[in-house]
Amino acid sequence: MVDREKIEQAVALLLEGIGEDRNREGLRETPDRIARMYEEIFAGLDQTPEKYLTRTFPVQGSGMILEKDITFYSTCEHHLLPFYGKAHIAYIPRDRVVGLSKLARTVEVYARRPQLQEQLTLQIAEALLEYLKPEGVMVMLEAEHMCMTMRGVKKPGTQTVTLAVRGAFEQNRDLQDEFWRMMGR
Ligand code: ZN
């Protein structure tokens with residue numbers, strides 16, 4: 001659970017640290033606001049995708065299922081700045097499928113934590129493997145990182161692309177090709 005009081009103290013110190021007057025009117029409520037915000041954007045720390053991925057439905061002989069353009073917002077663990085973009089999730093069910101909205105829920109569980117895009121991609125793939133036991137999983141994330149666009153190299157519009165390929169997708173290039181075809185690439 002998020003400790004709001006600790007966050008408030010930390011933000012007050014942070015404001016002092018950057019040379020601000022933490023008591024001026026505009027900043028007076030900021031520690032409280034940030035504490036509430038962190039409670040929301042880091043809510044995934046207390047969650048697992050279990051409740052979303054264990055309600056499955058039987059299916060016979062289904063081919064690849066692709067849920068694309070799932071918008072997500074996460075927080076870079078190196079700078080605590082947002083990174084955000086689209087997740088694309090494909091899987092080949094063995095005999096069970098899950099409601100499509102549950103894939104988006106799964107992305108949220110892992111996105112709402114201090115994160116690395118590479119790790120987020122892997123965690124989504126591993127969760128599907130664990131709970132759905134599919135023939136294969138392919139997860140692709142495309143995101144823009146504020147720590148690259150508003151500071152440092154300042155390259156707005158740069159997309160970081162990460163990929164996790166598991167099971168049948170690893171062994172079978174035709175399946176990977178089908179993924180890219182269904183993605184329209
Ligand atoms: Zn960063």
# chains A, B, ... in the order shown; residues from 1 in each chain; ligands from 1
$ residues_around --residues "Val98 (chain A)" --least-positions-apart "6" --cutoff "10 Å" --atoms "only C-alpha atoms" --output "PDB file with N, CA, C and O atoms, in the first residue's frame"
ATOM      1  N   TYR A  52      -8.099 -11.204 -13.713  1.00  0.00           N
ATOM      2  CA  TYR A  52      -8.525 -10.961 -15.094  1.00  0.00           C
ATOM      3  C   TYR A  52      -8.281 -12.174 -15.978  1.00  0.00           C
ATOM      4  O   TYR A  52      -9.027 -12.430 -16.904  1.00  0.00           O
ATOM      5  N   LEU A  53      -7.200 -12.898 -15.703  1.00  0.00           N
ATOM      6  CA  LEU A  53      -6.787 -13.959 -16.630  1.00  0.00           C
ATOM      7  C   LEU A  53      -7.242 -15.350 -16.225  1.00  0.00           C
ATOM      8  O   LEU A  53      -6.960 -16.326 -16.910  1.00  0.00           O
ATOM      9  N   THR A  54      -7.948 -15.448 -15.098  1.00  0.00           N
ATOM     10  CA  THR A  54      -8.412 -16.776 -14.702  1.00  0.00           C
ATOM     11  C   THR A  54      -9.868 -17.011 -15.114  1.00  0.00           C
ATOM     12  O   THR A  54     -10.374 -18.130 -14.995  1.00  0.00           O
ATOM     13  N   ARG A  55     -10.535 -15.968 -15.609  1.00  0.00           N
ATOM     14  CA  ARG A  55     -11.894 -16.182 -16.139  1.00  0.00           C
ATOM     15  C   ARG A  55     -11.789 -16.445 -17.637  1.00  0.00           C
ATOM     16  O   ARG A  55     -11.818 -15.515 -18.442  1.00  0.00           O
ATOM     17  N   THR A  56     -11.633 -17.700 -17.979  1.00  0.00           N
ATOM     18  CA  THR A  56     -11.391 -18.059 -19.378  1.00  0.00           C
ATOM     19  C   THR A  56     -12.579 -18.826 -19.954  1.00  0.00           C
ATOM     20  O   THR A  56     -13.446 -19.298 -19.212  1.00  0.00           O
ATOM     21  N   PHE A  57     -12.594 -18.919 -21.277  1.00  0.00           N
ATOM     22  CA  PHE A  57     -13.669 -19.619 -21.978  1.00  0.00           C
ATOM     23  C   PHE A  57     -13.062 -20.672 -22.900  1.00  0.00           C
ATOM     24  O   PHE A  57     -12.034 -20.418 -23.514  1.00  0.00           O
ATOM     25  N   PRO A  58     -13.712 -21.831 -23.004  1.00  0.00           N
ATOM     26  CA  PRO A  58     -13.169 -22.858 -23.888  1.00  0.00           C
ATOM     27  C   PRO A  58     -13.330 -22.473 -25.353  1.00  0.00           C
ATOM     28  O   PRO A  58     -14.292 -21.789 -25.713  1.00  0.00           O
ATOM     29  N   VAL A  59     -12.371 -22.890 -26.161  1.00  0.00           N
ATOM     30  CA  VAL A  59     -12.442 -22.621 -27.595  1.00  0.00           C
ATOM     31  C   VAL A  59     -11.802 -23.784 -28.337  1.00  0.00           C
ATOM     32  O   VAL A  59     -10.904 -24.440 -27.811  1.00  0.00           O
ATOM     33  N   LEU A 128       0.522 -14.011 -19.576  1.00  0.00           N
ATOM     34  CA  LEU A 128      -0.327 -14.781 -20.487  1.00  0.00           C
ATOM     35  C   LEU A 128       0.084 -16.245 -20.515  1.00  0.00           C
ATOM     36  O   LEU A 128      -0.768 -17.136 -20.521  1.00  0.00           O
ATOM     37  N   TYR A 131      -1.069 -17.939 -17.078  1.00  0.00           N
ATOM     38  CA  TYR A 131      -2.485 -18.147 -16.789  1.00  0.00           C
ATOM     39  C   TYR A 131      -3.259 -18.814 -17.925  1.00  0.00           C
ATOM     40  O   TYR A 131      -4.198 -19.558 -17.689  1.00  0.00           O
ATOM     41  N   LEU A 132      -2.881 -18.523 -19.177  1.00  0.00           N
ATOM     42  CA  LEU A 132      -3.647 -19.068 -20.304  1.00  0.00           C
ATOM     43  C   LEU A 132      -3.020 -20.321 -20.904  1.00  0.00           C
ATOM     44  O   LEU A 132      -3.673 -21.037 -21.651  1.00  0.00           O
TER      45      LEU A 132
END
$ residues_near_ligand --ligand "ligand 1" --cutoff "7 Å" --atoms "only C-alpha atoms and all ligand atoms" --output "CSV table (one decimal) with N, CA, C and O atoms, in the first residue's frame"
chain,number,residue,atom,x,y,z
A,76,CYS,N,8.6,5.6,-16.0
A,76,CYS,CA,10.0,5.2,-16.1
A,76,CYS,C,10.6,5.1,-14.7
A,76,CYS,O,10.6,6.1,-14.0
A,77,GLU,N,11.2,4.0,-14.4
A,77,GLU,CA,11.7,3.8,-13.0
A,77,GLU,C,13.0,4.6,-12.8
A,77,GLU,O,13.5,4.7,-11.7
A,78,HIS,N,13.7,5.0,-13.9
A,78,HIS,CA,14.9,5.7,-13.8
A,78,HIS,C,14.7,7.2,-13.5
A,78,HIS,O,15.6,7.8,-12.9
A,79,HIS,N,13.6,7.7,-14.0
A,79,HIS,CA,13.4,9.2,-13.9
A,79,HIS,C,12.1,9.6,-13.3
A,79,HIS,O,11.8,10.7,-13.0
A,80,LEU,N,11.2,8.6,-13.0
A,80,LEU,CA,9.9,8.8,-12.6
A,80,LEU,C,9.1,9.8,-13.5
A,80,LEU,O,8.4,10.7,-13.0
A,81,LEU,N,9.4,9.7,-14.8
A,81,LEU,CA,8.7,10.4,-15.8
A,81,LEU,C,7.8,9.4,-16.6
A,81,LEU,O,8.2,8.3,-16.7
A,145,HIS,N,9.1,8.1,-24.5
A,145,HIS,CA,9.6,8.3,-23.1
A,145,HIS,C,9.8,9.8,-22.8
A,145,HIS,O,10.6,10.4,-23.5
A,147,CYS,N,11.4,11.0,-20.5
A,147,CYS,CA,12.8,11.3,-20.1
A,147,CYS,C,13.7,11.4,-21.3
A,147,CYS,O,14.9,11.9,-21.2
A,148,MET,N,13.3,11.0,-22.5
A,148,MET,CA,14.0,11.3,-23.7
A,148,MET,C,13.6,12.5,-24.5
A,148,MET,O,14.3,13.0,-25.3
$ select_by_dssp --residues "region 84-152 of chain A" --states "strand (DSSP E)" --output "MDAnalysis selection string"
chainID A and resid 84:92 96:98 114:115 136:145
$ residues_around --residues "Tyr73 (chain A)" --least-positions-apart "2" --cutoff "8 Å" --atoms "only C-alpha atoms" --output "list in words"
Thr71, Thr75, Pro82, Phe83, Tyr84, Gly85, Ala111 and Arg112 of chain A
$ select_by_dssp --residues "region 28-165 of chain A" --states "alpha helix (DSSP H)" --output "VMD selection string"
chain A and resid 28 30 to 41 50 to 53 100 to 111 117 to 132 146 to 149
